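Colleague: Coordinates in data.txt, compact mmCIF, C-alpha atoms, are listed below.
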# COMPACT_ATOMS: atom_id res chain seq x y z
CA MET P 120 129.71 -12.52 -3.44
CA THR P 121 130.96 -9.19 -2.11
CA ALA P 122 132.59 -6.59 -4.34
CA ALA P 123 135.95 -7.15 -2.64
CA ALA P 124 135.78 -10.91 -3.18
CA ALA P 125 134.80 -10.44 -6.83
CA ALA P 126 137.69 -8.05 -7.33
CA ALA P 127 140.10 -10.53 -5.73
CA LEU P 128 138.80 -13.30 -7.99
CA ARG P 129 139.27 -11.15 -11.08
CA GLY P 130 142.75 -10.33 -9.89
CA ASP P 131 143.60 -14.05 -9.63
CA GLU P 132 142.24 -14.67 -13.13
CA LEU P 133 144.28 -11.82 -14.61
CA ARG P 134 147.47 -12.68 -12.73
CA PRO P 135 150.01 -14.11 -15.19
CA VAL P 136 150.73 -17.82 -14.93
CA PRO P 137 154.33 -18.52 -13.84
CA ARG P 138 156.47 -19.69 -16.75
CA GLU P 139 157.31 -22.97 -15.06
CA ARG P 140 153.66 -23.78 -14.45
CA ALA P 141 152.84 -22.97 -18.09
CA ILE P 142 155.60 -25.37 -19.17
CA LEU P 143 154.19 -28.15 -16.99
CA GLU P 144 150.63 -27.58 -18.19
CA SER P 145 151.73 -27.63 -21.82
CA PHE P 146 153.78 -30.80 -21.31
CA PHE P 147 151.00 -32.78 -19.62
CA THR P 148 148.45 -31.55 -22.17
CA GLN P 149 150.62 -32.92 -24.99
CA LEU P 150 151.17 -36.13 -23.06
CA GLY P 151 147.41 -36.54 -22.57
CA MET P 152 146.93 -36.11 -26.33
CA PHE P 153 149.43 -38.91 -27.11
CA SER P 154 151.98 -36.46 -28.53
CA PHE P 155 154.83 -38.25 -26.76
CA ASP P 156 157.70 -37.15 -29.03
CA ARG P 157 156.55 -33.53 -29.04
CA ALA P 158 156.23 -33.51 -25.24
CA LYS P 159 159.68 -35.05 -24.82
CA ASP P 160 161.31 -32.58 -27.24
CA TYR P 161 159.52 -29.70 -25.52
CA VAL P 162 160.86 -30.40 -22.01
CA GLU P 163 164.34 -31.23 -23.28
CA LYS P 164 164.45 -27.88 -25.08
CA GLU P 165 163.29 -26.10 -21.92
CA LYS P 166 165.88 -27.99 -19.85
CA ASP P 167 168.67 -26.79 -22.14
CA SER P 168 167.48 -23.17 -22.00
CA THR P 169 166.92 -23.02 -18.21
CA ARG P 170 170.03 -24.65 -16.77
CA SER P 171 170.41 -21.75 -14.32
CA ALA P 172 166.90 -22.19 -12.91
CA GLY P 173 168.00 -24.58 -10.20
CA ALA P 174 168.82 -28.25 -9.81
CA ILE P 175 165.27 -29.21 -8.75
CA TRP P 176 163.63 -27.75 -11.84
CA THR P 177 166.28 -29.19 -14.17
CA ALA P 178 165.98 -32.64 -12.58
CA LEU P 179 162.19 -32.58 -12.91
CA LEU P 180 162.40 -31.62 -16.57
CA ALA P 181 164.81 -34.53 -17.16
CA ALA P 182 162.39 -36.90 -15.39
CA LEU P 183 159.50 -35.59 -17.50
CA GLY P 184 161.47 -36.32 -20.67
CA HIS P 185 161.93 -39.89 -19.49
CA LEU P 186 158.25 -40.00 -18.53
CA ALA P 187 157.26 -39.11 -22.11
CA ALA P 188 159.51 -41.89 -23.45
CA ALA P 189 158.07 -44.37 -20.93
CA GLU P 190 154.48 -43.45 -21.81
CA LYS P 191 155.27 -43.88 -25.49
CA ALA P 192 156.70 -47.35 -24.80
CA TYR P 193 153.64 -48.18 -22.66
CA TYR P 194 150.97 -47.07 -25.14
CA ASN P 195 152.80 -48.71 -28.04
CA MET P 196 153.07 -51.88 -25.92
CA THR P 197 156.76 -52.33 -26.73
CA PHE P 198 157.01 -54.74 -23.79
CA LEU P 199 155.17 -57.19 -26.08
CA GLY P 200 157.77 -56.72 -28.80
CA GLN P 201 155.75 -54.21 -30.82
CA LYS P 202 157.89 -51.96 -32.99
CA LEU P 203 158.30 -48.35 -31.94
CA GLY P 204 158.23 -45.62 -34.55
CA GLY P 205 161.52 -44.10 -33.44
CA GLN P 206 164.34 -44.66 -31.01
CA SER P 207 163.53 -44.32 -27.32
CA PHE P 208 165.60 -43.23 -24.35
CA PHE P 209 165.02 -46.74 -23.03
CA SER P 210 166.31 -49.86 -24.70
CA ARG P 211 163.65 -51.87 -26.45
CA LYS P 212 164.89 -54.87 -24.53
CA ASP P 213 163.93 -53.26 -21.22
CA SER P 214 160.74 -54.57 -19.69
CA ILE P 215 158.01 -52.08 -18.85
CA ARG P 216 158.59 -52.82 -15.15
CA THR P 217 162.28 -51.87 -15.47
CA ILE P 218 161.42 -48.68 -17.34
CA TYR P 219 158.93 -47.51 -14.74
CA ALA P 220 161.10 -48.62 -11.82
CA SER P 221 163.89 -46.37 -13.13
CA LEU P 222 161.43 -43.52 -13.63
CA TYR P 223 159.95 -44.05 -10.16
CA ASN P 224 163.37 -43.78 -8.53
CA GLU P 225 164.07 -40.60 -10.47
CA LEU P 226 160.79 -39.05 -9.33
CA ARG P 227 161.41 -40.08 -5.71
CA GLN P 228 164.72 -38.22 -5.87
CA GLY P 229 162.80 -35.18 -7.08
CA VAL P 230 160.42 -35.45 -4.11
CA ALA P 231 163.35 -35.63 -1.67
CA ALA P 232 165.15 -32.73 -3.35
CA GLY P 233 162.04 -30.58 -3.18
CA ARG P 234 161.68 -31.16 0.56
CA HIS P 235 165.32 -30.61 1.44
CA ALA P 236 166.36 -27.95 -1.04
CA PRO P 237 169.00 -25.32 -0.18
CA ARG P 238 168.10 -21.69 0.29
CA ARG P 239 169.17 -20.71 -3.20
CA ALA P 240 166.59 -23.09 -4.67
CA PRO P 241 163.24 -21.84 -6.07
CA PRO P 242 160.77 -20.25 -3.60
CA PRO P 243 159.28 -22.62 -1.00
CA ALA P 244 155.75 -22.58 -2.50
CA TRP P 245 157.05 -23.41 -5.95
CA ARG P 246 159.40 -26.04 -4.52
CA LYS P 247 156.46 -27.61 -2.70
CA LEU P 248 154.44 -27.78 -5.92
CA LEU P 249 157.26 -29.52 -7.78
CA ALA P 250 157.66 -32.05 -4.97
CA HIS P 251 153.88 -32.53 -4.84
CA LEU P 252 153.65 -33.26 -8.58
CA ALA P 253 156.60 -35.65 -8.42
CA GLU P 254 154.99 -37.50 -5.51
CA GLN P 255 151.66 -37.85 -7.32
CA LEU P 256 153.43 -39.19 -10.39
CA CYS P 257 155.14 -41.71 -8.12
CA HIS P 258 151.75 -42.94 -6.89
CA PHE P 259 150.51 -43.16 -10.48
CA HIS P 260 153.41 -45.21 -11.81
CA ALA P 261 153.70 -47.36 -8.68
CA ARG P 262 150.16 -48.55 -9.49
CA ARG P 263 150.44 -48.82 -13.25
CA ALA P 264 153.91 -50.31 -13.75
CA PRO P 265 153.57 -53.68 -11.98
CA ARG P 266 149.89 -54.22 -12.68
CA TRP P 267 149.31 -53.69 -16.39
CA PRO P 268 151.92 -56.22 -17.59
CA THR P 269 150.54 -58.75 -15.11
CA CYS P 270 147.03 -57.92 -16.30
CA ASN P 271 148.27 -58.59 -19.85
CA GLU P 272 149.54 -61.97 -18.73
CA LYS P 273 146.14 -62.76 -17.21
CA MET P 274 144.29 -61.63 -20.33
CA HIS P 275 146.66 -63.57 -22.59
CA ALA P 276 145.67 -66.64 -20.59
CA LEU P 277 142.06 -65.91 -21.62
CA ALA P 278 143.03 -66.98 -25.14
CA ASP P 279 142.63 -70.43 -23.64
CA ALA P 280 138.87 -70.92 -23.31
CA GLU P 281 139.43 -73.31 -20.41
CA VAL P 282 140.45 -70.47 -18.09
CA ARG P 283 137.90 -67.93 -19.25
CA SER P 284 135.62 -68.81 -16.36
CA THR P 285 138.18 -67.18 -14.06
CA LEU P 286 137.47 -63.77 -15.60
CA ARG P 287 134.94 -62.71 -13.00
CA SER P 288 137.14 -63.87 -10.12
CA TRP P 289 140.34 -61.92 -10.81
CA TRP P 290 139.26 -58.75 -12.66
CA PRO P 291 137.06 -57.30 -9.84
CA ARG P 292 140.11 -57.48 -7.55
CA TRP P 293 142.27 -55.54 -9.99
CA ARG P 294 139.92 -52.75 -11.01
CA PRO P 295 139.42 -51.29 -7.49
CA SER P 296 143.19 -51.27 -6.92
CA TRP P 297 143.62 -49.22 -10.09
CA ARG P 298 140.72 -46.99 -9.08
CA SER P 299 142.36 -46.34 -5.70
CA THR P 300 145.08 -44.39 -7.52
CA ALA P 301 142.68 -41.52 -8.28
CA PRO P 302 142.65 -39.86 -4.80
CA ARG P 303 146.48 -39.68 -4.89
CA PHE P 304 146.69 -38.43 -8.46
CA HIS P 305 144.40 -35.43 -8.59
CA HIS P 306 146.33 -32.22 -9.30
CA PRO P 307 144.71 -30.15 -12.11
CA ILE P 308 148.03 -29.98 -13.99
CA LEU P 309 147.94 -33.79 -14.29
CA GLY P 310 144.28 -33.83 -15.35
CA ARG P 311 144.87 -34.96 -18.94
CA VAL P 312 147.08 -37.89 -17.95
CA GLU P 313 144.75 -38.91 -15.13
CA GLY P 314 141.77 -38.75 -17.51
CA GLY P 315 143.53 -40.98 -20.03
CA PHE P 316 144.42 -43.49 -17.34
CA GLN P 317 140.84 -43.68 -16.03
CA THR P 318 139.50 -44.01 -19.58
CA GLU P 319 141.86 -46.92 -20.20
CA VAL P 320 140.79 -48.70 -17.01
CA ASP P 321 137.10 -48.09 -17.75
CA VAL P 322 137.32 -49.40 -21.32
CA VAL P 323 139.24 -52.54 -20.34
CA SER P 324 136.77 -53.15 -17.50
CA GLN P 325 133.70 -52.66 -19.69
CA LEU P 326 135.00 -54.92 -22.45
CA LEU P 327 135.98 -57.75 -20.09
CA ARG P 328 132.62 -57.58 -18.34
CA CYS P 329 130.89 -57.49 -21.72
CA GLN P 330 132.74 -60.63 -22.79
CA ALA P 331 131.33 -62.50 -19.80
CA GLN P 332 127.83 -61.02 -20.28
CA VAL P 333 127.61 -62.00 -23.95
CA SER P 334 128.68 -65.53 -23.02
CA GLU P 335 125.92 -65.56 -20.39
CA TRP P 336 123.42 -64.32 -23.02
CA ARG P 337 122.64 -61.14 -21.08
CA PHE P 338 121.47 -58.66 -23.68
CA LEU P 339 121.07 -55.33 -21.89
CA PRO P 340 124.23 -55.35 -19.71
CA ALA P 341 126.35 -56.42 -22.70
CA LEU P 342 124.79 -53.72 -24.88
CA LEU P 343 125.47 -51.02 -22.29
CA GLY P 344 129.05 -52.19 -21.88
CA LEU P 345 129.68 -52.10 -25.63
CA HIS P 346 128.14 -48.65 -25.89
CA GLY P 347 130.20 -47.29 -22.99
CA ALA P 348 133.46 -48.65 -24.38
CA HIS P 349 132.62 -47.36 -27.87
CA SER P 350 131.91 -43.85 -26.57
CA LYS P 351 135.22 -43.64 -24.68
CA LEU P 352 137.24 -45.08 -27.58
CA ALA P 353 135.54 -42.64 -29.97
CA ALA P 354 136.64 -39.74 -27.75
CA TRP P 355 140.21 -41.08 -27.83
CA GLY P 356 139.93 -41.41 -31.60
CA LEU P 357 139.04 -37.73 -31.98
CA LEU P 358 142.19 -36.80 -30.07
CA LEU P 359 144.30 -39.03 -32.29
CA GLN P 360 142.82 -37.58 -35.50
CA ARG P 361 144.14 -34.16 -34.54
CA GLN P 362 147.70 -35.38 -34.24
CA LYS P 363 149.93 -34.70 -37.23
CA GLU P 364 153.59 -35.41 -37.79
CA THR P 365 155.85 -33.46 -40.13
CA ARG P 366 158.06 -35.39 -42.53
CA LYS P 367 160.94 -33.66 -44.33
CA HIS P 368 161.55 -34.75 -47.90
CA LEU P 369 164.97 -35.74 -49.17
CA PHE P 370 165.13 -32.93 -51.77
CA GLY P 371 163.56 -30.22 -49.66
CA GLY P 372 160.06 -29.41 -48.54
CA GLN P 373 157.95 -31.15 -45.96
CA SER P 374 154.52 -32.64 -45.51
CA GLN P 375 152.19 -33.56 -42.69
CA ARG P 376 150.43 -36.86 -42.18
CA PRO P 377 148.33 -38.38 -39.38
CA VAL P 378 150.25 -39.95 -36.52
CA PRO P 379 149.68 -43.74 -36.35
CA PRO P 380 147.49 -44.56 -33.33
CA PRO P 381 149.15 -46.22 -30.30
CA HIS P 382 149.07 -50.01 -30.30
CA LEU P 383 147.07 -50.05 -27.06
CA TYR P 384 144.28 -48.07 -28.75
CA VAL P 385 144.38 -50.38 -31.79
CA TRP P 386 144.20 -53.44 -29.52
CA LEU P 387 141.21 -52.09 -27.59
CA ARG P 388 139.46 -51.26 -30.87
CA THR P 389 140.13 -54.77 -32.17
CA PHE P 390 138.81 -56.36 -28.99
CA GLN P 391 135.72 -54.15 -29.03
CA ALA P 392 135.05 -55.00 -32.69
CA SER P 393 135.33 -58.75 -32.03
CA LEU P 394 132.86 -58.48 -29.14
CA LEU P 395 130.47 -56.41 -31.26
CA ALA P 396 130.53 -59.07 -33.98
CA LYS P 397 129.86 -61.81 -31.43
CA PHE P 398 127.07 -59.75 -29.83
CA THR P 399 125.49 -59.23 -33.27
CA LEU P 400 125.31 -62.99 -33.83
CA TYR P 401 124.24 -64.02 -30.31
CA PHE P 402 121.40 -61.49 -30.30
CA HIS P 403 120.66 -61.51 -34.02
CA GLU P 404 117.02 -62.45 -33.56
CA ALA P 405 116.38 -59.69 -31.00
CA LEU P 406 118.18 -57.11 -33.13
CA SER P 407 116.33 -58.23 -36.27
CA ARG P 408 112.99 -57.58 -34.61
CA GLN P 409 114.04 -53.99 -33.97
CA ALA P 410 115.27 -53.34 -37.52
CA PRO P 411 112.81 -51.53 -39.83
CA ALA P 412 113.30 -54.13 -42.56
CA ALA P 413 115.11 -57.43 -43.02
CA GLY P 414 117.49 -55.85 -45.52
CA ASP P 415 118.51 -53.24 -42.95
CA MET P 416 119.63 -55.90 -40.48
CA ARG P 417 121.57 -57.70 -43.17
CA ALA P 418 123.36 -54.49 -44.10
CA LEU P 419 124.14 -53.63 -40.48
CA ALA P 420 125.39 -57.14 -39.68
CA SER P 421 127.67 -57.07 -42.72
CA ARG P 422 129.64 -54.21 -41.10
CA ALA P 423 130.71 -56.45 -38.24
CA ALA P 424 134.21 -57.86 -38.42
CA PRO P 425 133.80 -60.74 -38.87
CA ASP P 426 130.26 -60.97 -40.24
CA TYR P 427 129.30 -64.28 -38.65
CA HIS P 428 125.75 -64.34 -39.99
CA GLY P 429 126.96 -63.66 -43.52
CA ARG P 430 129.58 -66.42 -43.29
CA ILE P 431 127.02 -68.92 -42.01
CA ALA P 432 124.54 -68.01 -44.76
CA ALA P 433 127.27 -68.32 -47.41
CA PHE P 434 128.23 -71.78 -46.07
CA VAL P 435 124.61 -72.96 -46.15
CA ARG P 436 124.22 -71.85 -49.78
CA LYS P 437 127.57 -73.16 -51.01
CA HIS P 438 127.43 -76.60 -49.38
CA ASP P 439 123.67 -77.13 -49.50
CA ALA P 440 123.32 -77.54 -45.73
CA SER P 441 119.83 -78.00 -44.35
CA SER P 442 120.51 -75.53 -41.53
CA VAL P 443 123.13 -74.07 -39.24
CA SER P 444 122.02 -73.11 -35.72
CA LEU P 445 123.55 -71.84 -32.51
CA LEU P 446 121.97 -73.24 -29.35
CA PRO P 447 122.46 -72.07 -25.77
CA GLY P 448 122.84 -74.48 -22.90
CA HIS P 449 120.30 -72.44 -20.93
CA GLY P 450 117.34 -70.23 -21.67
CA TYR P 451 117.13 -66.44 -21.41
CA HIS P 452 114.33 -64.61 -19.69
CA HIS P 453 113.76 -61.21 -18.13
CA PRO P 454 114.93 -61.13 -14.47
CA ALA P 455 111.48 -59.94 -13.36
CA SER P 456 109.68 -62.70 -15.26
CA TYR P 457 108.10 -65.47 -13.18
CA ARG P 458 106.98 -67.73 -15.99
CA GLU P 459 107.29 -71.46 -15.58
CA ALA P 460 110.71 -72.72 -16.58
CA PRO P 461 110.79 -74.39 -20.02
CA LYS P 462 111.13 -78.15 -20.16
CA GLY P 463 112.50 -80.68 -22.61
CA VAL P 464 113.71 -79.37 -25.95
CA GLU P 465 112.13 -75.99 -25.17
CA GLN P 466 115.10 -75.40 -22.87
CA TYR P 467 117.22 -74.96 -25.99
CA PRO P 468 115.79 -72.16 -28.13
CA ALA P 469 117.97 -71.37 -31.13
CA VAL P 470 120.00 -68.21 -30.61
CA VAL P 471 120.16 -67.91 -34.39
CA SER P 472 119.23 -70.30 -37.18
CA VAL P 473 120.03 -70.07 -40.88
CA PRO P 474 117.89 -70.11 -42.92
CA ALA P 475 115.67 -68.11 -40.58
CA GLY P 476 112.05 -69.11 -40.11
CA ASP P 477 112.64 -72.63 -41.41
CA GLY P 478 110.73 -74.95 -39.10
CA ARG P 479 112.55 -78.02 -40.39
CA ALA P 480 115.54 -77.36 -38.12
CA HIS P 481 113.33 -77.53 -35.04
CA THR P 482 112.17 -81.03 -35.90
CA HIS P 483 115.75 -82.21 -35.35
CA TRP P 484 115.98 -80.72 -31.84
CA PRO P 485 115.21 -83.98 -29.92
CA ALA P 486 118.12 -85.73 -31.63
CA VAL P 487 120.39 -82.69 -31.23
CA VAL P 488 119.57 -82.30 -27.52
CA MET P 489 120.22 -86.01 -26.96
CA LEU P 490 123.60 -85.67 -28.69
CA MET P 491 124.47 -82.65 -26.56
CA GLY P 492 123.88 -84.74 -23.46
CA ASP P 493 125.42 -88.03 -24.59
CA ARG P 494 128.55 -86.46 -26.12
CA ALA P 495 129.01 -83.65 -23.59
CA THR P 496 132.55 -84.71 -22.66
CA GLU P 497 133.72 -84.51 -26.28
CA LEU P 498 131.92 -81.22 -26.87
CA ASN P 499 133.35 -79.65 -23.72
CA ALA P 500 136.86 -80.25 -25.03
CA LEU P 501 136.05 -77.27 -27.32
CA ASP P 502 138.61 -78.36 -29.91
CA LYS P 503 136.64 -81.30 -31.26
CA ALA P 504 133.59 -81.64 -33.48
CA VAL P 505 131.01 -84.37 -32.94
CA HIS P 506 129.61 -86.24 -35.97
CA PHE P 507 126.45 -88.35 -35.95
CA TYR P 508 124.26 -89.88 -38.64
CA ASP P 509 120.62 -90.56 -37.71
CA ASP P 510 119.21 -93.47 -39.73
CA LYS P 511 115.67 -92.65 -38.72
CA ALA P 512 115.81 -88.98 -39.71
CA GLN P 513 118.14 -89.70 -42.65
CA SER P 514 120.21 -86.69 -41.55
CA THR P 515 123.79 -85.98 -40.57
CA TYR P 516 124.66 -83.76 -37.59
CA TYR P 517 127.91 -81.92 -36.82
CA LEU P 518 128.24 -80.26 -33.42
CA ALA P 519 130.98 -78.04 -31.98
CA ARG P 520 131.14 -75.70 -29.02
CA PRO P 521 132.68 -72.23 -29.24
CA GLU P 522 132.25 -72.06 -25.44
CA ARG P 523 130.74 -74.26 -22.78
CA HIS P 524 127.22 -72.85 -22.85
CA PHE P 525 126.71 -72.63 -26.63
CA THR P 526 126.67 -75.31 -29.33
CA LEU P 527 127.01 -74.79 -33.07
CA VAL P 528 124.92 -77.32 -35.00
CA VAL P 529 125.21 -78.07 -38.73
CA ILE P 530 122.53 -80.33 -40.23
CA PHE P 531 122.62 -82.02 -43.64
CA GLU P 532 119.96 -84.17 -45.23
CA GLY P 533 121.36 -87.58 -46.09
CA ARG P 534 124.65 -89.16 -45.08
CA ARG P 535 127.83 -87.08 -44.96
CA SER P 536 131.36 -88.16 -44.14
CA GLU P 537 132.73 -87.60 -40.65
CA ARG P 538 135.91 -86.29 -42.28
CA ASP P 539 134.24 -83.71 -44.52
CA THR P 540 137.00 -81.08 -44.71
CA HIS P 541 134.67 -78.23 -45.66
CA VAL P 542 132.46 -78.76 -42.61
CA ALA P 543 135.46 -79.26 -40.31
CA ALA P 544 137.11 -76.05 -41.55
CA PHE P 545 133.86 -74.10 -41.17
CA LEU P 546 133.28 -75.30 -37.59
CA GLN P 547 136.87 -74.65 -36.62
CA GLU P 548 136.83 -71.15 -38.10
CA VAL P 549 133.51 -69.99 -36.66
CA ALA P 550 133.82 -71.67 -33.26
CA GLY P 551 137.40 -70.42 -32.89
CA ALA P 552 136.47 -66.85 -33.81
CA LEU P 553 133.50 -66.83 -31.42
CA ARG P 554 135.88 -67.52 -28.54
CA THR P 555 137.35 -64.06 -29.24
CA SER P 556 140.73 -65.55 -28.41
CA ARG P 557 142.70 -63.80 -31.14
CA PRO P 558 142.91 -60.38 -29.40
CA PHE P 559 144.15 -62.09 -26.23
CA ALA P 560 146.66 -64.20 -28.15
CA THR P 561 148.29 -60.99 -29.45
CA LEU P 562 149.14 -60.06 -25.85
CA LYS P 563 151.83 -62.71 -25.82
CA PRO P 564 155.33 -61.16 -25.81
CA GLY P 565 156.80 -61.27 -29.29
CA SER P 566 153.39 -61.41 -30.96
CA LYS P 567 153.09 -59.83 -34.40
CA GLY P 568 149.47 -58.81 -33.74
What is this file in structure tokens?
Modeller:
Amino acid sequence: MTAAAAAALRGDELRPVPRERAILESFFTQLGMFSFDRAKDYVEKEKDSTRSAGAIWTALLAALGHLAAAEKAYYNMTFLGQKLGGQSFFSRKDSIRTIYASLYNELRQGVAAGRHAPRRAPPPAWRKLLAHLAEQLCHFHARRAPRWPTCNEKMHALADAEVRSTLRSWWPRWRPSWRSTAPRFHHPILGRVEGGFQTEVDVVSQLLRCQAQVSEWRFLPALLGLHGAHSKLAAWGLLLQRQKETRKHLFGGQSQRPVPPPHLYVWLRTFQASLLAKFTLYFHEALSRQAPAAGDMRALASRAAPDYHGRIAAFVRKHDASSVSLLPGHGYHHPASYREAPKGVEQYPAVVSVPAGDGRAHTHWPAVVMLMGDRATELNALDKAVHFYDDKAQSTYYLARPERHFTLVVIFEGRRSERDTHVAAFLQEVAGALRTSRPFATLKPGSKG
């Protein structure tokens, strides 16, 4: 670099930032840190103090105030009926599509005003920047507004295990369309908002893929997906921890307390935790082999919410069950392995069995595998448990499927009633939770979750 070029670069670095640009950078930084109320109050204050700055600038500040309110409604998922901490510019009855349609029209007016401004308006370069930012925000919200609510509707349908097989067919078509927003939403001033949007898309994508991979008993891809989603959510969590809100007391004085996290963040955390708990059970044997001691794995598994292994072990002890096992409908092997395919009952290795290392459960596999074949129609209904008493083995079997490729098997020595309420409640609870349907059910409008 020549001396003249270096001097010019230093001159650019030392040149003061225009006040308007500083306002925009501060606003979008606060927006990217989820400080929606602070960002809205900031631009409204600037709008009141700069009424003589020109109609274009004033109109953009008004649109940015509405943008902050819309983002608050979006991240708090008020379109599902979730309660908002304070009053919003928009009615709570407005759908998210209506909110963003109104904002989109307002931004389009800003783009038109910037291109056809009178001579007394701000300088052409500054006018061009304002129009450019408004146009990029239009691209951003044109993509987000119609798609996320529809995506919610699709994911709410996943609460029904019957349609979960459609996951791989519709999500790959949606993710690229969201990704295509990036080239049209790239200005450095908008960097924080763009980064938050991409993080959101990445986390949702990783968790949905992970859900399918766990159900397919694919260890490494599911592990990587969980780790990627956890890392991004942890980064969001650090931003949220820094946010404080000031509360004034009735008799004077004030205090600060952490700002409650947005409902979207809470939902993603809940979904990630449910997948982690399911992953911990489905790959319990593999994870146990990597733990330094058996007690370490027990302690780590107990942190999962829910702790499936702990619940199963407690049921076995309390009701004197012979064993509780989870069987896959297909075997797992390394993709590069060319070993001969297993045959017979060896096609159904136990994913997890409690008590562990008890060979007695395996002696029941021929009868269990026969039941899985003969009663497949009942098991595939997913809301029914199959009961069978084997006179020869003097044992009672209860089978239920959390999903089509996995079967939960409870074995008792001796005869047990088909209507045993304790067993029925246990199967319903564990199988229902393993479907991870609860997070999706909370996406229904009006849900309390």
Colleague: Please indicate the distance in Å from atom CA of P:Asp167 to atom CA of P:Leu183, rounded to one decimal place.
Modeller: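 So the answer is 13.5 Å.
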Colleague: Rank nothing, just name the residue among P:Val162, P:Ala141, P:Ala519, P:Leu343 nearest to P:Ala495, using only C-alpha atoms.
Modeller: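 Of P:Val162, P:Ala141, P:Ala519, P:Leu343, the one nearest P:Ala495, counting only C-alpha atoms, is P:Ala519.
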Colleague: Counting all atoms listed in the file, figure out which residue out of P:Gln373, P:Gln330, P:Ser393, P:Ser472 gets nearest to P:His428.
Modeller: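 Among P:Gln373, P:Gln330, P:Ser393, P:Ser472, it is P:Ser472 that comes nearest to P:His428.
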Colleague: Would you mind listing what lies within 12 Å of P:Gly356 as a list of chain:residue names, with all atoms listed in the file counted and same-chain residues fewer than 2 positions away left out?
Modeller: P:Met152, P:Phe153, P:His349, P:Ser350, P:Lys351, P:Leu352, P:Ala353, P:Ala354, P:Leu358, P:Leu359, P:Gln360, P:Arg361, P:Gln362, P:Pro377, P:Val378, P:Pro379, P:Pro380, P:Pro381, P:Tyr384, P:Val385, P:Leu387, P:Arg388
Colleague: Could you check how far atom CA of P:Phe155 sits from atom CA of P:Glu313, in Å to one decimal?
Modeller: 15.4 Å
Colleague: Between atom CA of P:Pro340 and atom CA of P:Asp321, measure the distance and give it in Å to one decimal.
Modeller: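 These two atoms are separated by 14.9 Å.
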Colleague: Residues near P:Lys503, anyone? I mean within 9 Å using only C-alpha atoms, not counting same-chain ones fewer than 6 positions away, as a PyMOL selection string.
Modeller: chain P and resi 497+518-520+547
Colleague: For a quick check of understanding, using all atoms listed in the file, which of P:Leu150, P:Ile142, P:Ala550, P:Ala420 has the smallest distance to P:Arg311?
Modeller: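 Of P:Leu150, P:Ile142, P:Ala550, P:Ala420, the one nearest P:Arg311 is P:Leu150, counting all atoms listed in the file.
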Colleague: For stretch 473-485 of chain P, work out the shell of residues within 10 Å, counting only C-alpha atoms and skipping chain neighbours fewer than 6 positions away, then give it as a PyMOL selection string.
Modeller: chain P and resi 404+428-429+431-436+440-446+463-465+467+491+509+512+514+516+528-530
Colleague: Next, dump the selected residues to file, keeping only C-alpha atoms, as a PDB file, keeping the file's coordinate frame.
Modeller:
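Saved to selection.pdb:
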ATOM      1  CA  GLU P 404     117.020 -62.450 -33.560  1.00  0.00           C
ATOM      2  CA  HIS P 428     125.750 -64.340 -39.990  1.00  0.00           C
ATOM      3  CA  GLY P 429     126.960 -63.660 -43.520  1.00  0.00           C
ATOM      4  CA  ILE P 431     127.020 -68.920 -42.010  1.00  0.00           C
ATOM      5  CA  ALA P 432     124.540 -68.010 -44.760  1.00  0.00           C
ATOM      6  CA  ALA P 433     127.270 -68.320 -47.410  1.00  0.00           C
ATOM      7  CA  PHE P 434     128.230 -71.780 -46.070  1.00  0.00           C
ATOM      8  CA  VAL P 435     124.610 -72.960 -46.150  1.00  0.00           C
ATOM      9  CA  ARG P 436     124.220 -71.850 -49.780  1.00  0.00           C
ATOM     10  CA  ALA P 440     123.320 -77.540 -45.730  1.00  0.00           C
ATOM     11  CA  SER P 441     119.830 -78.000 -44.350  1.00  0.00           C
ATOM     12  CA  SER P 442     120.510 -75.530 -41.530  1.00  0.00           C
ATOM     13  CA  VAL P 443     123.130 -74.070 -39.240  1.00  0.00           C
ATOM     14  CA  SER P 444     122.020 -73.110 -35.720  1.00  0.00           C
ATOM     15  CA  LEU P 445     123.550 -71.840 -32.510  1.00  0.00           C
ATOM     16  CA  LEU P 446     121.970 -73.240 -29.350  1.00  0.00           C
ATOM     17  CA  GLY P 463     112.500 -80.680 -22.610  1.00  0.00           C
ATOM     18  CA  VAL P 464     113.710 -79.370 -25.950  1.00  0.00           C
ATOM     19  CA  GLU P 465     112.130 -75.990 -25.170  1.00  0.00           C
ATOM     20  CA  TYR P 467     117.220 -74.960 -25.990  1.00  0.00           C
ATOM     21  CA  MET P 491     124.470 -82.650 -26.560  1.00  0.00           C
ATOM     22  CA  ASP P 509     120.620 -90.560 -37.710  1.00  0.00           C
ATOM     23  CA  ALA P 512     115.810 -88.980 -39.710  1.00  0.00           C
ATOM     24  CA  SER P 514     120.210 -86.690 -41.550  1.00  0.00           C
ATOM     25  CA  TYR P 516     124.660 -83.760 -37.590  1.00  0.00           C
ATOM     26  CA  VAL P 528     124.920 -77.320 -35.000  1.00  0.00           C
ATOM     27  CA  VAL P 529     125.210 -78.070 -38.730  1.00  0.00           C
ATOM     28  CA  ILE P 530     122.530 -80.330 -40.230  1.00  0.00           C
TER      29      ILE P 530
END
Colleague: For P:Pro425, which residue out of P:Val333, P:Ala220, P:Leu553, P:Ala412 is the nearest one, using only C-alpha atoms?
Modeller: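 Smallest separation from P:Pro425 among the options: P:Leu553.
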